[in-house]
Amino acid sequence: MKIVTRFAPSPTGYLHIGGARTALFNWLYSRHHKGVFRLRIEDTDRQRSTPAAIEAIIEGLQWLGLNWDDEIVYQFSRAERHAEVAKQLLAQGRAYHCYASPEELEQMREEQRAAGKPIRYDGRWRDRPASDHRPNVAPVIRIKAPQTGETIIRDQVQGDVRFGNDVLDDFILLRSDGTPTYMLSVVVDDHDMGVTHIIRGDDHLTNAARQRQIIDAMGWPEPVYAHLPLMHGEDGQKLSKRHGALGIHEYKDLGYLPEAMRNYLLRLGWSHGDDEIIPTAQAIEWFNLENIGRSPARVDFKKLDNVNGHYMRQASDEALADATLPLFKGQASTDLRAKLIAAMPGLKERAKTLVELADSAQFLTATRPLKVDDKAQKLLTTEARALLARLKSVFEQATTWDAPSLDAAARHFAEANGLKLGAIAQPLRAALTGRSTSPGIFDVLAVLGRAESLARISDQASP
RNA sequence: GCCCCCAUCGUCUAGCGGUCUAGGACGUCGCCCUCUCACGGCGAAAACAGGGGUUCGAGUCCCCUUGGGGGCACCA
């Protein structure tokens, strides 16, 4: 059997890290089984769906390298088909018209709340004869769900989850304006798209029981379910804007590599023994549903940084230079690219993100003669200032910018002045009070090359 | 309120009844390497939420408590 998975985000916001992980798992599963991975945009909420969000989702997936198969399905465009299924269910007696007004239902729920009873539709129109129908009111169509027995979702992650059918109510399939509800649309689309495995967030677990009512009523085959635990922010609270629920594009802007992102996301909720660094090809080979964890995971930027650093060190100088070049904005050029590649061996060892890499490579674009502005000057100790002046003269004359020759120049300078190389950095650090890390030789160069950068650092350093 | 899910170091996790005086990774702290930082190497501190069972034996199985999370719309 051909495995078909799908990722079905609703374009009401940007693709966040939780959604990205869901997409990754679906993608991995289909690739492992040489199956199909499809993308469906659930845009039936016309109020909240935006073209910008659709764009962001597509770009995010592309950046992550999660390529989908076949055409993208836009759920809204399939509304007629969804309505057709609702009517078919109606004709088969598996659904019925309900004329209760929203106000009436709200009152019903209010009473249930007050009485401490479970909140659900009470089936008031379930068995009413057609003669009761109100000609001047547009009805909704509700599923006629079984009221006894139980529905068991055989979930690949959560195990068998049982729901008493008495807690499942007759939910709405088709609204009074003739548009389908989410519950109907998903089921119909998954069926029509041939989806065999539904891998999605935990928040849909209880929905699965409802959706099964439709599937059973239509006599369609049951898909295999795998409900992933939701992700939490760094503080353990619900994922929100403050807690790392950044759009995936923001991770790109932060300087993370797609490969690292995939590795990090994979390990968040899935494991393969003690393995940590799992390149994508290996992940495809190993991925399965059995090893998905059942408890929610928190995002951890420190770990992401570490994984990213690993992939950066592993990347070729050329590839890294190309990935970093765009960060130089207008200054990017083939000349700069060559310099970047030359300096890369020394640069990539100490950067955790592309942004850090670009930052420490700023000296490459410094216009000479180098200058340090007054504000920064004032913060420097006399000793450091003198050293800086002498250093400047050396590096102003430097013509080649590859790491070895810079290193040689610095060494030469140190020897000529009777200093240890490390000593060049030390006074600078002393000058920049409060800076916890001592600047390396490249940092010194960066400072020399960027007066504004020094000013910025001193802003942070001064009380 | 009702239904459902979850619970091992700070974090991600290994563990699928004995081999667990609980392993790995990130982070933290030492030491080493070294011209600084970083990388790398070595080492340390750090966890089975609590209580009952079942069993010769429980981190591993069952129940309860507690604590998190999700769902209960003419949203998706």
# chains A, B, ... in the order shown; residues from 1 in each chain; ligands from 1
>>> interface_residues(of="chain B", to="chain A", cutoff="12 Å", atoms="only C-alpha atoms (C1' of nucleotides)", output="PyMOL selection string")
chain B and resi 1-8+10-16+23-27+34-40+68-76
>>> residues_around(residues="B:A58", least_positions_apart="3", cutoff="9 Å", atoms="only C-alpha atoms (C1' of nucleotides)", output="number ranges by chain")
B: 17, 55, 61
>>> residues_around(residues="B:C64", least_positions_apart="3", cutoff="12 Å", atoms="only C-alpha atoms (C1' of nucleotides)", output="number ranges by chain")
B: 50-53
>>> atom_distance(atom1="atom CA of A:Trp220", atom2="atom CA of A:Thr196")
11.4 Å
>>> select_by_dssp(residues="stretch 165-245 of chain A", states="helix (DSSP H, G or I)", output="mmCIF file with N, CA, C and O atoms, in the first residue's frame")
data_model
loop_
_atom_site.group_PDB
_atom_site.id
_atom_site.type_symbol
_atom_site.label_atom_id
_atom_site.label_comp_id
_atom_site.auth_asym_id
_atom_site.auth_seq_id
_atom_site.Cartn_x
_atom_site.Cartn_y
_atom_site.Cartn_z
ATOM 1 N N ASN A 165 -19.318 6.756 23.496
ATOM 2 C CA ASN A 165 -20.084 7.480 22.486
ATOM 3 C C ASN A 165 -21.088 8.448 23.094
ATOM 4 O O ASN A 165 -21.589 9.345 22.419
ATOM 5 N N ASP A 166 -21.392 8.234 24.375
ATOM 6 C CA ASP A 166 -22.332 9.149 25.011
ATOM 7 C C ASP A 166 -21.735 10.542 25.224
ATOM 8 O O ASP A 166 -22.467 11.496 25.464
ATOM 9 N N VAL A 167 -20.424 10.658 25.126
ATOM 10 C CA VAL A 167 -19.840 11.990 25.277
ATOM 11 C C VAL A 167 -19.671 12.695 23.928
ATOM 12 O O VAL A 167 -19.312 13.863 23.865
ATOM 13 N N TYR A 182 -15.167 22.517 9.712
ATOM 14 C CA TYR A 182 -13.831 21.926 9.666
ATOM 15 C C TYR A 182 -13.904 20.407 9.773
ATOM 16 O O TYR A 182 -13.244 19.671 9.036
ATOM 17 N N MET A 183 -14.742 19.933 10.700
ATOM 18 C CA MET A 183 -14.837 18.505 10.972
ATOM 19 C C MET A 183 -15.182 17.717 9.707
ATOM 20 O O MET A 183 -14.636 16.635 9.479
ATOM 21 N N LEU A 184 -16.081 18.265 8.921
ATOM 22 C CA LEU A 184 -16.487 17.600 7.687
ATOM 23 C C LEU A 184 -15.390 17.711 6.627
ATOM 24 O O LEU A 184 -15.008 16.720 6.007
ATOM 25 N N SER A 185 -14.894 18.930 6.465
ATOM 26 C CA SER A 185 -13.894 19.183 5.424
ATOM 27 C C SER A 185 -12.657 18.298 5.550
ATOM 28 O O SER A 185 -12.192 17.725 4.569
ATOM 29 N N VAL A 186 -12.137 18.199 6.764
ATOM 30 C CA VAL A 186 -10.928 17.395 6.942
ATOM 31 C C VAL A 186 -11.153 15.962 6.517
ATOM 32 O O VAL A 186 -10.330 15.377 5.815
ATOM 33 N N VAL A 187 -12.243 15.409 6.995
ATOM 34 C CA VAL A 187 -12.513 14.006 6.710
ATOM 35 C C VAL A 187 -12.659 13.761 5.207
ATOM 36 O O VAL A 187 -12.064 12.837 4.653
ATOM 37 N N VAL A 188 -13.435 14.615 4.566
ATOM 38 C CA VAL A 188 -13.655 14.445 3.136
ATOM 39 C C VAL A 188 -12.352 14.634 2.357
ATOM 40 O O VAL A 188 -12.014 13.839 1.475
ATOM 41 N N ASP A 189 -11.614 15.675 2.719
ATOM 42 C CA ASP A 189 -10.362 15.920 2.001
ATOM 43 C C ASP A 189 -9.343 14.804 2.208
ATOM 44 O O ASP A 189 -8.689 14.368 1.268
ATOM 45 N N ASP A 190 -9.220 14.368 3.445
ATOM 46 C CA ASP A 190 -8.257 13.296 3.694
ATOM 47 C C ASP A 190 -8.632 12.058 2.890
ATOM 48 O O ASP A 190 -7.769 11.382 2.329
ATOM 49 N N HIS A 191 -9.913 11.797 2.841
ATOM 50 C CA HIS A 191 -10.357 10.635 2.070
ATOM 51 C C HIS A 191 -10.094 10.824 0.585
ATOM 52 O O HIS A 191 -9.492 9.965 -0.066
ATOM 53 N N ASP A 192 -10.515 11.954 0.065
ATOM 54 C CA ASP A 192 -10.360 12.196 -1.372
ATOM 55 C C ASP A 192 -8.895 12.299 -1.799
ATOM 56 O O ASP A 192 -8.546 11.982 -2.925
ATOM 57 N N ASP A 202 -1.562 16.789 18.946
ATOM 58 C CA ASP A 202 -2.347 16.211 20.017
ATOM 59 C C ASP A 202 -3.708 16.878 20.212
ATOM 60 O O ASP A 202 -4.667 16.277 20.679
ATOM 61 N N ASP A 203 -3.765 18.154 19.844
ATOM 62 C CA ASP A 203 -5.002 18.907 20.046
ATOM 63 C C ASP A 203 -6.146 18.357 19.198
ATOM 64 O O ASP A 203 -7.294 18.732 19.381
ATOM 65 N N HIS A 204 -5.822 17.459 18.292
ATOM 66 C CA HIS A 204 -6.868 16.887 17.437
ATOM 67 C C HIS A 204 -7.299 15.496 17.888
ATOM 68 O O HIS A 204 -8.128 14.867 17.244
ATOM 69 N N LEU A 205 -6.715 15.037 18.987
ATOM 70 C CA LEU A 205 -7.031 13.680 19.429
ATOM 71 C C LEU A 205 -8.523 13.465 19.676
ATOM 72 O O LEU A 205 -9.096 12.482 19.221
ATOM 73 N N THR A 206 -9.132 14.383 20.384
ATOM 74 C CA THR A 206 -10.565 14.186 20.642
ATOM 75 C C THR A 206 -11.380 14.408 19.367
ATOM 76 O O THR A 206 -12.449 13.842 19.204
ATOM 77 N N ASN A 207 -10.838 15.232 18.470
ATOM 78 C CA ASN A 207 -11.532 15.427 17.197
ATOM 79 C C ASN A 207 -11.554 14.135 16.390
ATOM 80 O O ASN A 207 -12.485 13.882 15.628
ATOM 81 N N ALA A 208 -10.506 13.346 16.574
ATOM 82 C CA ALA A 208 -10.408 12.106 15.806
ATOM 83 C C ALA A 208 -11.630 11.226 16.062
ATOM 84 O O ALA A 208 -12.165 10.602 15.147
ATOM 85 N N ALA A 209 -12.085 11.211 17.300
ATOM 86 C CA ALA A 209 -13.247 10.388 17.642
ATOM 87 C C ALA A 209 -14.486 10.892 16.892
ATOM 88 O O ALA A 209 -15.304 10.107 16.413
ATOM 89 N N ARG A 210 -14.600 12.206 16.812
ATOM 90 C CA ARG A 210 -15.731 12.778 16.084
ATOM 91 C C ARG A 210 -15.634 12.479 14.603
ATOM 92 O O ARG A 210 -16.601 12.111 13.940
ATOM 93 N N GLN A 211 -14.423 12.683 14.084
ATOM 94 C CA GLN A 211 -14.234 12.493 12.660
ATOM 95 C C GLN A 211 -14.507 11.055 12.240
ATOM 96 O O GLN A 211 -14.967 10.793 11.122
ATOM 97 N N ARG A 212 -14.259 10.174 13.161
ATOM 98 C CA ARG A 212 -14.532 8.769 12.873
ATOM 99 C C ARG A 212 -16.013 8.521 12.612
ATOM 100 O O ARG A 212 -16.390 7.602 11.865
ATOM 101 N N GLN A 213 -16.872 9.330 13.232
ATOM 102 C CA GLN A 213 -18.310 9.158 13.016
ATOM 103 C C GLN A 213 -18.644 9.358 11.540
ATOM 104 O O GLN A 213 -19.457 8.646 10.960
ATOM 105 N N ILE A 214 -18.015 10.367 10.968
ATOM 106 C CA ILE A 214 -18.266 10.655 9.561
ATOM 107 C C ILE A 214 -17.686 9.548 8.682
ATOM 108 O O ILE A 214 -18.330 9.054 7.748
ATOM 109 N N ILE A 215 -16.456 9.175 9.016
ATOM 110 C CA ILE A 215 -15.778 8.131 8.244
ATOM 111 C C ILE A 215 -16.611 6.847 8.249
ATOM 112 O O ILE A 215 -16.864 6.238 7.203
ATOM 113 N N ASP A 216 -17.075 6.472 9.438
ATOM 114 C CA ASP A 216 -17.871 5.258 9.556
ATOM 115 C C ASP A 216 -19.193 5.374 8.814
ATOM 116 O O ASP A 216 -19.634 4.438 8.142
ATOM 117 N N ALA A 217 -19.829 6.538 8.948
ATOM 118 C CA ALA A 217 -21.127 6.731 8.294
ATOM 119 C C ALA A 217 -20.986 6.636 6.781
ATOM 120 O O ALA A 217 -21.873 6.141 6.087
ATOM 121 N N MET A 218 -19.860 7.090 6.260
ATOM 122 C CA MET A 218 -19.645 7.031 4.819
ATOM 123 C C MET A 218 -19.100 5.672 4.378
ATOM 124 O O MET A 218 -18.998 5.388 3.186
ATOM 125 N N LYS A 241 3.912 33.625 21.261
ATOM 126 C CA LYS A 241 4.897 34.506 20.639
ATOM 127 C C LYS A 241 6.121 34.729 21.526
ATOM 128 O O LYS A 241 7.246 34.766 21.060
ATOM 129 N N ARG A 242 5.892 34.839 22.812
ATOM 130 C CA ARG A 242 6.993 35.118 23.733
ATOM 131 C C ARG A 242 7.881 33.910 23.969
ATOM 132 O O ARG A 242 9.002 34.030 24.400
ATOM 133 N N HIS A 243 7.344 32.748 23.729
ATOM 134 C CA HIS A 243 8.070 31.553 24.128
ATOM 135 C C HIS A 243 8.628 30.719 22.994
ATOM 136 O O HIS A 243 8.659 29.509 23.062
#
>>> select_by_dssp(residues="stretch 212-347 of chain A", states="strand (DSSP E)", output="number ranges by chain")
A: 224-228, 231-232, 297-298
>>> atom_distance(atom1="atom CA of A:Ile284", atom2="atom CA of A:Ala323")
24.5 Å
>>> residues_around(residues="A:Arg154", least_positions_apart="6", cutoff="10 Å", atoms="only C-alpha atoms (C1' of nucleotides)", output="number ranges by chain")
A: 160-162, 223-226
>>> write_last_selection(atoms="all heavy atoms", output="JSON list (two decimals), in the first residue's frame")
[["chain", "number", "residue", "atom", "x", "y", "z"],
["A", 160, "ASP", "N", -4.26, 2.88, 22.35],
["A", 160, "ASP", "CA", -5.71, 2.86, 22.16],
["A", 160, "ASP", "C", -6.36, 3.89, 23.07],
["A", 160, "ASP", "O", -6.18, 3.85, 24.28],
["A", 160, "ASP", "CB", -6.28, 1.48, 22.50],
["A", 160, "ASP", "CG", -5.91, 0.45, 21.45],
["A", 160, "ASP", "OD1", -5.24, 0.83, 20.47],
["A", 160, "ASP", "OD2", -6.28, -0.72, 21.61],
["A", 161, "VAL", "N", -7.10, 4.78, 22.45],
["A", 161, "VAL", "CA", -7.77, 5.80, 23.25],
["A", 161, "VAL", "C", -9.27, 5.60, 23.08],
["A", 161, "VAL", "O", -9.78, 5.59, 21.96],
["A", 161, "VAL", "CB", -7.39, 7.22, 22.78],
["A", 161, "VAL", "CG1", -8.03, 8.27, 23.69],
["A", 161, "VAL", "CG2", -5.87, 7.38, 22.79],
["A", 162, "ARG", "N", -9.93, 5.40, 24.20],
["A", 162, "ARG", "CA", -11.36, 5.08, 24.14],
["A", 162, "ARG", "C", -12.25, 6.26, 24.53],
["A", 162, "ARG", "O", -11.98, 6.95, 25.50],
["A", 162, "ARG", "CB", -11.67, 3.92, 25.09],
["A", 162, "ARG", "CG", -10.63, 2.81, 25.05],
["A", 162, "ARG", "CD", -10.86, 1.82, 26.18],
["A", 162, "ARG", "NE", -11.71, 0.73, 25.73],
["A", 162, "ARG", "CZ", -11.22, -0.39, 25.20],
["A", 162, "ARG", "NH1", -9.91, -0.55, 25.04],
["A", 162, "ARG", "NH2", -12.03, -1.35, 24.82],
["A", 223, "PRO", "N", -8.17, 5.88, 8.52],
["A", 223, "PRO", "CA", -6.74, 6.19, 8.36],
["A", 223, "PRO", "C", -6.00, 5.77, 9.63],
["A", 223, "PRO", "O", -6.62, 5.51, 10.65],
["A", 223, "PRO", "CB", -6.72, 7.70, 8.20],
["A", 223, "PRO", "CG", -7.96, 8.16, 8.93],
["A", 223, "PRO", "CD", -8.97, 7.07, 8.76],
["A", 224, "VAL", "N", -4.71, 5.67, 9.54],
["A", 224, "VAL", "CA", -3.90, 5.39, 10.73],
["A", 224, "VAL", "C", -3.63, 6.73, 11.39],
["A", 224, "VAL", "O", -3.27, 7.69, 10.72],
["A", 224, "VAL", "CB", -2.56, 4.73, 10.33],
["A", 224, "VAL", "CG1", -1.66, 4.57, 11.55],
["A", 224, "VAL", "CG2", -2.82, 3.39, 9.67],
["A", 225, "TYR", "N", -3.82, 6.79, 12.69],
["A", 225, "TYR", "CA", -3.59, 8.05, 13.39],
["A", 225, "TYR", "C", -2.30, 8.05, 14.19],
["A", 225, "TYR", "O", -1.89, 7.01, 14.71],
["A", 225, "TYR", "CB", -4.74, 8.34, 14.37],
["A", 225, "TYR", "CG", -6.05, 8.67, 13.71],
["A", 225, "TYR", "CD1", -7.07, 7.72, 13.63],
["A", 225, "TYR", "CD2", -6.27, 9.94, 13.17],
["A", 225, "TYR", "CE1", -8.29, 8.02, 13.02],
["A", 225, "TYR", "CE2", -7.48, 10.25, 12.56],
["A", 225, "TYR", "CZ", -8.49, 9.29, 12.48],
["A", 225, "TYR", "OH", -9.68, 9.59, 11.89],
["A", 226, "ALA", "N", -1.70, 9.22, 14.28],
["A", 226, "ALA", "CA", -0.53, 9.40, 15.15],
["A", 226, "ALA", "C", -0.61, 10.83, 15.65],
["A", 226, "ALA", "O", -0.41, 11.78, 14.89],
["A", 226, "ALA", "CB", 0.76, 9.17, 14.37]]
>>> residues_around(residues="B:C31", least_positions_apart="5", cutoff="12 Å", atoms="only C-alpha atoms (C1' of nucleotides)", output="PyMOL selection string")
chain B and resi 41-44
>>> atom_distance(atom1="atom CA of A:Arg46", atom2="atom CA of A:Pro135")
28.1 Å
>>> residues_around(residues="A:Glu104", least_positions_apart="5", cutoff="12 Å", atoms="only C-alpha atoms (C1' of nucleotides)", output="list in words")
Cys98, Tyr99, Arg109, Glu110, Glu111, Tyr121, Asp122 and Arg124 of chain A
>>> write_last_selection(atoms="N, CA, C and O atoms", output="short mmCIF file (atom, residue, chain, number, x, y, z; two decimals), in the first residue's frame")
data_model
loop_
_atom_site.label_atom_id
_atom_site.label_comp_id
_atom_site.auth_asym_id
_atom_site.auth_seq_id
_atom_site.Cartn_x
_atom_site.Cartn_y
_atom_site.Cartn_z
N CYS A 98 -31.18 20.59 11.74
CA CYS A 98 -31.42 21.12 13.07
C CYS A 98 -31.73 22.60 12.91
O CYS A 98 -30.99 23.34 12.27
N TYR A 99 -32.88 23.01 13.48
CA TYR A 99 -33.34 24.38 13.31
C TYR A 99 -33.08 25.26 14.54
O TYR A 99 -33.55 26.38 14.62
N ARG A 109 -26.36 25.70 26.50
CA ARG A 109 -25.04 25.49 27.11
C ARG A 109 -24.95 26.17 28.47
O ARG A 109 -24.34 25.66 29.40
N GLU A 110 -25.57 27.33 28.55
CA GLU A 110 -25.56 28.08 29.80
C GLU A 110 -26.21 27.26 30.91
O GLU A 110 -25.69 27.16 32.02
N GLU A 111 -27.33 26.66 30.56
CA GLU A 111 -28.04 25.83 31.54
C GLU A 111 -27.23 24.61 31.94
O GLU A 111 -27.19 24.21 33.10
N TYR A 121 -24.38 19.33 22.57
CA TYR A 121 -25.69 19.45 21.93
C TYR A 121 -26.58 18.31 22.43
O TYR A 121 -26.16 17.15 22.47
N ASP A 122 -27.81 18.64 22.80
CA ASP A 122 -28.66 17.64 23.42
C ASP A 122 -29.50 16.81 22.45
O ASP A 122 -30.34 16.02 22.87
N ARG A 124 -31.84 17.81 20.35
CA ARG A 124 -33.26 18.22 20.33
C ARG A 124 -33.95 18.10 18.97
O ARG A 124 -35.17 18.02 18.90
#
